[in-house]
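Trainee: query25.cif is the file, holding mmCIF, C-alpha atoms:
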data_target
#
loop_
_atom_site.group_PDB
_atom_site.id
_atom_site.type_symbol
_atom_site.label_atom_id
_atom_site.label_comp_id
_atom_site.auth_asym_id
_atom_site.auth_seq_id
_atom_site.Cartn_x
_atom_site.Cartn_y
_atom_site.Cartn_z
ATOM 1 C CA MET C 1 67.038 90.670 274.813
ATOM 2 C CA ARG C 2 65.759 90.477 271.236
ATOM 3 C CA ALA C 3 62.503 88.608 270.723
ATOM 4 C CA SER C 4 64.310 85.979 268.617
ATOM 5 C CA ASP C 5 66.874 85.415 271.376
ATOM 6 C CA GLU C 6 64.069 84.888 273.898
ATOM 7 C CA ILE C 7 62.492 82.286 271.602
ATOM 8 C CA VAL C 8 65.836 80.473 271.351
ATOM 9 C CA ARG C 9 66.119 80.554 275.160
ATOM 10 C CA GLN C 10 62.636 79.075 275.557
ATOM 11 C CA PHE C 11 63.379 76.256 273.097
ATOM 12 C CA ARG C 12 66.577 75.383 274.966
ATOM 13 C CA GLN C 13 64.779 75.448 278.300
ATOM 14 C CA ALA C 14 62.013 73.194 276.989
ATOM 15 C CA LEU C 15 64.593 70.710 275.723
ATOM 16 C CA PHE C 16 66.473 70.509 279.027
ATOM 17 C CA GLU C 17 63.231 70.265 280.989
ATOM 18 C CA GLY C 18 62.255 67.233 278.913
ATOM 19 C CA ARG C 19 59.329 68.872 277.125
ATOM 20 C CA PHE C 20 61.025 68.199 273.780
ATOM 21 C CA VAL C 21 62.733 65.044 272.529
ATOM 22 C CA ALA C 22 64.499 64.358 269.234
ATOM 23 C CA GLY C 23 62.081 64.178 266.327
ATOM 24 C CA ASP C 24 59.237 66.135 267.959
ATOM 25 C CA PRO C 25 57.390 68.404 265.489
ATOM 26 C CA VAL C 26 57.073 71.962 266.764
ATOM 27 C CA GLY C 27 54.978 73.461 263.976
ATOM 28 C CA SER C 28 55.420 75.531 260.865
ATOM 29 C CA GLU C 29 56.964 78.960 260.672
ATOM 30 C CA GLN C 30 53.489 80.501 260.558
ATOM 31 C CA GLN C 31 52.231 78.459 263.517
ATOM 32 C CA LEU C 32 55.244 79.418 265.603
ATOM 33 C CA ALA C 33 54.780 83.091 264.776
ATOM 34 C CA LEU C 34 51.200 82.883 266.060
ATOM 35 C CA GLU C 35 52.202 80.899 269.127
ATOM 36 C CA PHE C 36 54.884 83.380 270.181
ATOM 37 C CA GLY C 37 52.983 86.457 269.019
ATOM 38 C CA VAL C 38 55.793 87.719 266.803
ATOM 39 C CA SER C 39 56.377 88.315 263.108
ATOM 40 C CA ARG C 40 57.511 85.571 260.766
ATOM 41 C CA THR C 41 60.731 87.525 260.290
ATOM 42 C CA THR C 42 61.455 87.192 264.010
ATOM 43 C CA ILE C 43 60.643 83.469 263.905
ATOM 44 C CA ARG C 44 62.975 82.978 260.924
ATOM 45 C CA ASP C 45 65.765 84.702 262.852
ATOM 46 C CA ALA C 46 65.173 82.456 265.866
ATOM 47 C CA LEU C 47 65.020 79.332 263.730
ATOM 48 C CA ARG C 48 68.307 80.192 262.028
ATOM 49 C CA GLY C 49 69.934 80.368 265.443
ATOM 50 C CA LEU C 50 68.326 77.119 266.601
ATOM 51 C CA GLU C 51 69.329 75.337 263.393
ATOM 52 C CA ALA C 52 72.917 76.592 263.652
ATOM 53 C CA ALA C 53 73.036 75.284 267.231
ATOM 54 C CA GLY C 54 71.829 71.877 266.045
ATOM 55 C CA LEU C 55 68.596 72.059 268.069
ATOM 56 C CA VAL C 56 66.075 71.997 265.216
ATOM 57 C CA GLU C 57 65.777 70.699 261.672
ATOM 58 C CA ILE C 58 63.827 72.738 259.115
ATOM 59 C CA ARG C 59 62.125 70.862 256.289
ATOM 60 C CA THR C 60 60.451 72.435 253.277
ATOM 61 C CA GLY C 61 57.640 71.195 251.067
ATOM 62 C CA SER C 62 54.146 69.880 251.729
ATOM 63 C CA LYS C 63 55.395 67.716 254.595
ATOM 64 C CA GLY C 64 57.786 70.323 255.862
ATOM 65 C CA GLY C 65 57.956 72.099 259.167
ATOM 66 C CA VAL C 66 60.241 72.399 262.126
ATOM 67 C CA ARG C 67 61.313 69.406 264.210
ATOM 68 C CA ILE C 68 63.632 68.908 267.125
ATOM 69 C CA ALA C 69 66.864 67.607 265.595
ATOM 70 C CA GLN C 70 68.356 64.174 266.072
ATOM 71 C CA GLY C 71 71.522 64.205 268.150
ATOM 72 C CA ASP C 72 74.847 64.416 266.310
ATOM 73 C CA PRO C 73 77.817 63.927 268.693
ATOM 74 C CA ASN C 74 80.302 64.405 265.838
ATOM 75 C CA ARG C 75 78.973 67.897 265.288
ATOM 76 C CA PHE C 76 79.528 68.663 268.965
ATOM 77 C CA ALA C 77 83.071 67.271 268.853
ATOM 78 C CA ASP C 78 83.995 69.348 265.803
ATOM 79 C CA GLY C 79 82.604 72.513 267.335
ATOM 80 C CA LEU C 80 84.296 71.888 270.674
ATOM 81 C CA ALA C 81 87.677 71.291 269.018
ATOM 82 C CA VAL C 82 87.416 74.623 267.205
ATOM 83 C CA GLN C 83 86.425 76.499 270.354
ATOM 84 C CA LEU C 84 89.237 74.947 272.412
ATOM 85 C CA LYS C 85 91.707 75.974 269.716
ATOM 86 C CA LEU C 86 90.331 79.515 269.606
ATOM 87 C CA VAL C 87 90.640 79.991 273.377
ATOM 88 C CA GLY C 88 94.260 78.833 273.172
ATOM 89 C CA LEU C 89 94.074 75.657 275.236
ATOM 90 C CA ASN C 90 97.697 74.561 275.666
ATOM 91 C CA VAL C 91 99.054 71.068 275.150
ATOM 92 C CA ARG C 92 99.576 70.192 278.818
ATOM 93 C CA ASP C 93 96.044 71.263 279.773
ATOM 94 C CA ALA C 94 94.598 69.309 276.862
ATOM 95 C CA LEU C 95 96.546 66.220 277.949
ATOM 96 C CA ALA C 96 95.340 66.674 281.538
ATOM 97 C CA ALA C 97 91.736 66.681 280.321
ATOM 98 C CA GLN C 98 92.459 63.671 278.122
ATOM 99 C CA MET C 99 93.929 61.792 281.086
ATOM 100 C CA GLY C 100 90.757 62.238 283.139
ATOM 101 C CA LEU C 101 88.471 61.235 280.281
ATOM 102 C CA GLU C 102 90.498 58.211 279.229
ATOM 103 C CA LEU C 103 91.013 56.840 282.727
ATOM 104 C CA VAL C 104 87.230 56.613 283.142
ATOM 105 C CA ALA C 105 86.798 55.392 279.553
ATOM 106 C CA ALA C 106 89.196 52.497 280.119
ATOM 107 C CA GLU C 107 87.472 51.525 283.369
ATOM 108 C CA LEU C 108 84.034 51.614 281.754
ATOM 109 C CA ALA C 109 85.268 49.734 278.685
ATOM 110 C CA ALA C 110 86.495 46.918 280.921
ATOM 111 C CA VAL C 111 82.953 46.623 282.270
ATOM 112 C CA HIS C 112 80.780 47.385 279.247
ATOM 113 C CA ALA C 113 82.758 46.387 276.135
ATOM 114 C CA THR C 114 80.953 43.946 273.867
ATOM 115 C CA GLU C 115 82.623 41.198 271.863
ATOM 116 C CA ALA C 116 82.370 43.464 268.828
ATOM 117 C CA ASP C 117 84.074 46.302 270.752
ATOM 118 C CA LEU C 118 86.918 44.035 271.827
ATOM 119 C CA ALA C 119 87.370 42.672 268.299
ATOM 120 C CA ALA C 120 87.512 46.229 266.925
ATOM 121 C CA ILE C 121 90.183 47.261 269.436
ATOM 122 C CA GLN C 122 92.252 44.170 268.680
ATOM 123 C CA ALA C 123 92.025 44.877 264.948
ATOM 124 C CA LEU C 124 93.286 48.420 265.518
ATOM 125 C CA LEU C 125 96.248 47.110 267.520
ATOM 126 C CA ASP C 126 97.080 44.716 264.690
ATOM 127 C CA GLU C 127 96.864 47.578 262.202
ATOM 128 C CA ALA C 128 99.068 49.815 264.346
ATOM 129 C CA ALA C 129 101.710 47.085 264.546
ATOM 130 C CA GLU C 130 102.093 47.329 260.770
ATOM 131 C CA LEU C 131 102.525 51.109 260.944
ATOM 132 C CA VAL C 132 105.149 51.681 263.669
ATOM 133 C CA ASP C 133 107.554 53.213 261.148
ATOM 134 C CA ALA C 134 104.886 55.117 259.204
ATOM 135 C CA GLY C 135 104.887 58.419 261.118
ATOM 136 C CA SER C 136 101.539 60.193 260.928
ATOM 137 C CA ALA C 137 99.772 56.992 259.860
ATOM 138 C CA PHE C 138 100.805 55.433 263.171
ATOM 139 C CA THR C 139 99.604 58.543 265.010
ATOM 140 C CA ASP C 140 96.183 58.144 263.423
ATOM 141 C CA ALA C 141 96.109 54.428 264.246
ATOM 142 C CA SER C 142 97.038 55.243 267.836
ATOM 143 C CA SER C 143 94.256 57.834 268.055
ATOM 144 C CA ALA C 144 91.832 55.286 266.620
ATOM 145 C CA PHE C 145 92.756 52.907 269.471
ATOM 146 C CA HIS C 146 91.936 55.567 272.062
ATOM 147 C CA GLU C 147 88.676 56.394 270.317
ATOM 148 C CA ALA C 148 87.720 52.714 270.163
ATOM 149 C CA VAL C 149 88.320 52.362 273.905
ATOM 150 C CA ALA C 150 86.116 55.406 274.471
ATOM 151 C CA ARG C 151 83.365 53.917 272.274
ATOM 152 C CA ALA C 152 83.619 50.682 274.248
ATOM 153 C CA SER C 153 82.775 52.684 277.366
ATOM 154 C CA HIS C 154 79.354 53.342 275.776
ATOM 155 C CA ASN C 155 79.392 56.871 277.164
ATOM 156 C CA TRP C 156 78.742 59.525 274.511
ATOM 157 C CA ALA C 157 79.939 62.392 276.697
ATOM 158 C CA ILE C 158 83.368 60.758 276.901
ATOM 159 C CA VAL C 159 83.478 59.802 273.214
ATOM 160 C CA THR C 160 82.679 63.274 271.905
ATOM 161 C CA SER C 161 84.825 65.213 274.382
ATOM 162 C CA LEU C 162 87.801 62.964 273.724
ATOM 163 C CA ARG C 163 87.382 63.262 269.955
ATOM 164 C CA ALA C 164 87.622 67.046 270.242
ATOM 165 C CA ILE C 165 90.781 66.881 272.349
ATOM 166 C CA GLN C 166 92.391 64.355 270.024
ATOM 167 C CA GLU C 167 91.795 66.651 267.065
ATOM 168 C CA LEU C 168 93.401 69.484 268.993
ATOM 169 C CA LEU C 169 96.484 67.384 269.825
ATOM 170 C CA ARG C 170 96.954 65.524 266.533
ATOM 171 C CA GLU C 171 99.666 67.712 265.028
ATOM 172 C CA GLU C 172 101.584 67.694 268.304
ATOM 173 C CA HIS C 173 101.571 63.875 268.356
ATOM 174 C CA VAL C 174 102.583 63.687 264.692
ATOM 175 C CA ARG C 175 105.501 66.011 265.391
ATOM 176 C CA HIS C 176 106.877 63.732 268.101
ATOM 177 C CA THR C 177 106.122 60.310 266.615
ATOM 178 C CA THR C 178 109.362 58.385 266.169
ATOM 179 C CA LEU C 179 109.970 54.674 265.659
ATOM 180 C CA VAL C 180 111.089 54.291 269.280
ATOM 181 C CA ARG C 181 108.055 56.169 270.615
ATOM 182 C CA ALA C 182 105.669 54.267 268.347
ATOM 183 C CA ARG C 183 106.963 50.894 269.568
ATOM 184 C CA GLN C 184 106.637 52.015 273.171
ATOM 185 C CA VAL C 185 103.090 53.298 272.616
ATOM 186 C CA LEU C 186 102.082 50.037 270.962
ATOM 187 C CA ARG C 187 103.375 48.028 273.940
ATOM 188 C CA VAL C 188 101.419 50.199 276.362
ATOM 189 C CA HIS C 189 98.261 50.002 274.260
ATOM 190 C CA ARG C 190 98.474 46.213 274.298
ATOM 191 C CA ARG C 191 98.790 46.242 278.109
ATOM 192 C CA ILE C 192 95.770 48.513 278.416
ATOM 193 C CA PHE C 193 93.777 46.259 276.121
ATOM 194 C CA ALA C 194 94.807 43.168 278.087
ATOM 195 C CA ALA C 195 93.261 44.705 281.218
ATOM 196 C CA ILE C 196 90.094 45.702 279.340
ATOM 197 C CA ASN C 197 89.810 42.287 277.703
ATOM 198 C CA THR C 198 89.988 40.546 281.094
ATOM 199 C CA HIS C 199 87.496 42.992 282.652
ATOM 200 C CA GLN C 200 89.987 44.441 285.147
ATOM 201 C CA ALA C 201 88.537 47.934 285.342
ATOM 202 C CA ARG C 202 90.830 49.468 287.953
ATOM 203 C CA LEU C 203 93.935 48.053 286.282
ATOM 204 C CA ALA C 204 92.814 49.334 282.872
ATOM 205 C CA GLY C 205 92.250 52.781 284.346
ATOM 206 C CA ARG C 206 95.635 52.839 286.069
ATOM 207 C CA ARG C 207 97.454 51.775 282.923
ATOM 208 C CA MET C 208 95.659 54.383 280.835
ATOM 209 C CA ARG C 209 96.354 57.111 283.374
ATOM 210 C CA LYS C 210 100.045 56.192 283.476
ATOM 211 C CA HIS C 211 100.168 56.203 279.674
ATOM 212 C CA ILE C 212 98.716 59.705 279.290
ATOM 213 C CA SER C 213 100.669 60.994 282.292
ATOM 214 C CA ALA C 214 103.944 59.856 280.699
ATOM 215 C CA THR C 215 103.094 61.767 277.536
ATOM 216 C CA ARG C 216 102.136 64.858 279.520
ATOM 217 C CA SER C 217 105.429 64.869 281.442
ATOM 218 C CA SER C 218 107.531 64.333 278.306
ATOM 219 C CA PRO C 219 110.006 67.204 277.684
ATOM 220 C CA ASP C 220 108.983 67.158 274.020
ATOM 221 C CA PHE C 221 105.368 67.982 274.842
ATOM 222 C CA GLU C 222 106.373 70.560 277.440
ATOM 223 C CA ALA C 223 108.285 72.333 274.698
ATOM 224 C CA GLY C 224 105.139 72.184 272.566
ATOM 225 C CA ASP C 225 103.296 74.496 274.980
#
How would this structure read if it were set down as structure tokens?

Mentor:
Amino acid sequence: MRASDEIVRQFRQALFEGRFVAGDPVGSEQQLALEFGVSRTTIRDALRGLEAAGLVEIRTGSKGGVRIAQGDPNRFADGLAVQLKLVGLNVRDALAAQMGLELVAAELAAVHATEADLAAIQALLDEAAELVDAGSAFTDASSAFHEAVARASHNWAIVTSLRAIQELLREEHVRHTTLVRARQVLRVHRRIFAAINTHQARLAGRRMRKHISATRSSPDFEAGD
């Protein structure tokens, strides 16, 4: 293992062991070189890898230095979507993963959603109702509903993972969005929201699971594999 790779490994280990938290200063390039007993060139190589992974932030100037980065779930979601596409994840497998995530998201939303969360979901349903004959615009409104339910779960692991899968599936949904399908989706979304709004967690989960399962078993999406 290269010295820079070992430094990256040690930083990751320290983070997961709780020895680092977001915002912690870890020293300057020169200080790190002394601490690890390596050249500044090796430290720069390690820091480039850590920065690319989103683990550190590097600031220049008199108040510069290296700090543990603040979390950015959107960055994770974007990266995950790209990697899932590159490994060739097929539509049915992506929908299966979505079904598991969204079932739990709907259940948690029914328990944890705030008044602001519920108002946001309702607003998205109202917006979608105006877009049932608008093709891709309805697809995006539908995706926004699912993302809002995930946010209402207040679970970042679900939010970011689902965002990646939605990005992967977007073109497939656009391809199969018809007026009939859009109206059906809107009806189901309203039923899911009704369960969330009345805090019926198990019912919300069942309705969400049935919704995604119906999409997954659709002949159109099977052909999309």

Trainee: Please expand the PyMOL selection byres ((chain C and resi 112) around 9) into the concrete residues it hits in this file, giving the result as a list in words.

Mentor: Glu107, Leu108, Ala109, Ala110, Val111, Ala113, Thr114, Ala152, Ser153, His154 and His199 of chain C

Trainee: I want to know what sits within 10 Å of Arg202 (chain C), based on all atoms listed in the file, with residues of the same chain fewer than 5 positions away left out; could you give that as a list in words?

Mentor: Leu103, Val104, Ala106, Glu107, Leu108, Ala110, Ala195, Ile196, Arg207 and Met208 of chain C

Trainee: Would you write out, as a VMD selection string, every residue that the PyMOL selection byres ((chain C and resi 76) around 10) captures in this file?

Mentor: chain C and resid 53 to 54 71 to 75 77 to 81 157 160 to 161 163 to 164

Trainee: Tell me which of C:Ala52, C:Val66, C:Ala214, C:Leu162 sits closest to Gln98 (chain C), counting all atoms listed in the file.

Mentor: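 Closest to Gln98 (chain C) of all the choices is C:Leu162.
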
Trainee: For CA of Asn90 (chain C) and CA of Gly135 (chain C), quote the distance in Å rounded to one decimal.

Mentor: 22.9 Å

Trainee: On this structure, which residues satisfy the PyMOL selection byres ((chain C and resi 26-39) around 6), written as a list in words?

Mentor: Pro25, Arg40, Thr41, Thr42, Ile43, Gly65, Val66 and Arg67 of chain C

Trainee: Restricting the calculation to only C-alpha atoms, which member of C:His189, C:Leu168, C:Lys210, C:Gln10 is positioned closest to Ala144 (chain C)?

Mentor: C:His189

Trainee: Identify which of the residues C:Val132, C:Phe145, C:Arg92, C:Gly205 lies closest to Asp117 (chain C), counting only C-alpha atoms when measuring atom-to-atom distances.

Mentor: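 The answer is C:Phe145, which sits nearest to Asp117 (chain C).
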
Trainee: Tell me which protein, DNA and RNA residues are within 12 Å of Ala182 (chain C), counting only C-alpha atoms, leaving out same-chain ones fewer than 5 positions away, and put them as a PDB file with C-alpha atoms, in the frame of the given file.

Mentor:
ATOM      1  CA  LEU C 125      96.248  47.110 267.520  1.00  0.00           C
ATOM      2  CA  ALA C 128      99.068  49.815 264.346  1.00  0.00           C
ATOM      3  CA  ALA C 129     101.710  47.085 264.546  1.00  0.00           C
ATOM      4  CA  GLU C 130     102.093  47.329 260.770  1.00  0.00           C
ATOM      5  CA  LEU C 131     102.525  51.109 260.944  1.00  0.00           C
ATOM      6  CA  VAL C 132     105.149  51.681 263.669  1.00  0.00           C
ATOM      7  CA  ASP C 133     107.554  53.213 261.148  1.00  0.00           C
ATOM      8  CA  ALA C 134     104.886  55.117 259.204  1.00  0.00           C
ATOM      9  CA  GLY C 135     104.887  58.419 261.118  1.00  0.00           C
ATOM     10  CA  SER C 136     101.539  60.193 260.928  1.00  0.00           C
ATOM     11  CA  ALA C 137      99.772  56.992 259.860  1.00  0.00           C
ATOM     12  CA  PHE C 138     100.805  55.433 263.171  1.00  0.00           C
ATOM     13  CA  THR C 139      99.604  58.543 265.010  1.00  0.00           C
ATOM     14  CA  ASP C 140      96.183  58.144 263.423  1.00  0.00           C
ATOM     15  CA  ALA C 141      96.109  54.428 264.246  1.00  0.00           C
ATOM     16  CA  SER C 142      97.038  55.243 267.836  1.00  0.00           C
ATOM     17  CA  SER C 143      94.256  57.834 268.055  1.00  0.00           C
ATOM     18  CA  HIS C 173     101.571  63.875 268.356  1.00  0.00           C
ATOM     19  CA  VAL C 174     102.583  63.687 264.692  1.00  0.00           C
ATOM     20  CA  HIS C 176     106.877  63.732 268.101  1.00  0.00           C
ATOM     21  CA  THR C 177     106.122  60.310 266.615  1.00  0.00           C
ATOM     22  CA  ARG C 187     103.375  48.028 273.940  1.00  0.00           C
ATOM     23  CA  VAL C 188     101.419  50.199 276.362  1.00  0.00           C
ATOM     24  CA  HIS C 189      98.261  50.002 274.260  1.00  0.00           C
TER      25      HIS C 189
END

Trainee: Could you pull the residues within 10 Å of Asp45 (chain C), counting all atoms listed in the file, minus those fewer than 3 positions along the same chain, as number ranges by chain?

Mentor: C: 3-5, 7-8, 40-42, 48-50

Trainee: Select, from C:Glu172, C:Leu15, C:Ile165, C:Arg209, the residue with the minimum atom-to-atom distance to Ala97 (chain C), counting only C-alpha atoms.

Mentor: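 Using only C-alpha atoms, Ala97 (chain C) sits closest to C:Ile165.
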
Trainee: Could you jot down the CA of Glu127 (chain C) to CA of Arg170 (chain C) separation for me, Å, one decimal place?

Mentor: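 CA of Glu127 (chain C) sits 18.5 Å away from CA of Arg170 (chain C).
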
Trainee: My list of candidates is C:Ala119, C:Leu55, C:Ala46, C:Met99. Which is closest to Arg216 (chain C) when distances are computed with only C-alpha atoms?

Mentor: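 Between C:Ala119, C:Leu55, C:Ala46, C:Met99, the residue approaching Arg216 (chain C) most closely is C:Met99.
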
Trainee: Could you add the missing atoms to region 16-36 of chain C, up to N, CA and C atoms, and return them as a short mmCIF file (atom, residue, chain, number, x, y, z; two decimals), in the frame of the given file?

Mentor:
data_model
loop_
_atom_site.label_atom_id
_atom_site.label_comp_id
_atom_site.auth_asym_id
_atom_site.auth_seq_id
_atom_site.Cartn_x
_atom_site.Cartn_y
_atom_site.Cartn_z
N PHE C 16 65.82 70.99 277.81
CA PHE C 16 66.47 70.51 279.03
C PHE C 16 65.47 70.14 280.12
N GLU C 17 64.27 70.65 280.03
CA GLU C 17 63.23 70.26 280.99
C GLU C 17 62.50 69.00 280.56
N GLY C 18 62.86 68.48 279.38
CA GLY C 18 62.26 67.23 278.91
C GLY C 18 60.94 67.41 278.20
N ARG C 19 60.58 68.64 277.84
CA ARG C 19 59.33 68.87 277.12
C ARG C 19 59.48 68.63 275.63
N PHE C 20 60.72 68.55 275.16
CA PHE C 20 61.02 68.20 273.78
C PHE C 20 61.94 66.99 273.78
N VAL C 21 61.77 66.12 272.79
CA VAL C 21 62.73 65.04 272.53
C VAL C 21 63.02 65.04 271.04
N ALA C 22 64.10 64.39 270.64
CA ALA C 22 64.50 64.36 269.23
C ALA C 22 63.35 63.86 268.37
N GLY C 23 63.11 64.57 267.28
CA GLY C 23 62.08 64.18 266.33
C GLY C 23 60.73 64.83 266.55
N ASP C 24 60.53 65.49 267.68
CA ASP C 24 59.24 66.14 267.96
C ASP C 24 58.96 67.25 266.95
N PRO C 25 57.76 67.27 266.33
CA PRO C 25 57.39 68.40 265.49
C PRO C 25 57.01 69.60 266.37
N VAL C 26 57.41 70.78 265.97
CA VAL C 26 57.07 71.96 266.76
C VAL C 26 56.26 72.98 265.96
N GLY C 27 55.85 72.59 264.76
CA GLY C 27 54.98 73.46 263.98
C GLY C 27 55.68 74.12 262.81
N SER C 28 54.89 74.79 262.02
CA SER C 28 55.42 75.53 260.86
C SER C 28 55.87 76.91 261.31
N GLU C 29 56.52 77.59 260.40
CA GLU C 29 56.96 78.96 260.67
C GLU C 29 55.77 79.84 261.06
N GLN C 30 54.68 79.68 260.29
CA GLN C 30 53.49 80.50 260.56
C GLN C 30 52.88 80.16 261.92
N GLN C 31 52.79 78.87 262.23
CA GLN C 31 52.23 78.46 263.52
C GLN C 31 53.06 78.98 264.69
N LEU C 32 54.37 78.94 264.54
CA LEU C 32 55.24 79.42 265.60
C LEU C 32 55.11 80.93 265.79
N ALA C 33 54.95 81.65 264.68
CA ALA C 33 54.78 83.09 264.78
C ALA C 33 53.52 83.42 265.56
N LEU C 34 52.44 82.67 265.32
CA LEU C 34 51.20 82.88 266.06
C LEU C 34 51.36 82.50 267.53
N GLU C 35 52.03 81.38 267.76
CA GLU C 35 52.20 80.90 269.13
C GLU C 35 52.99 81.89 269.98
N PHE C 36 54.04 82.47 269.41
CA PHE C 36 54.88 83.38 270.18
C PHE C 36 54.44 84.84 270.06
#
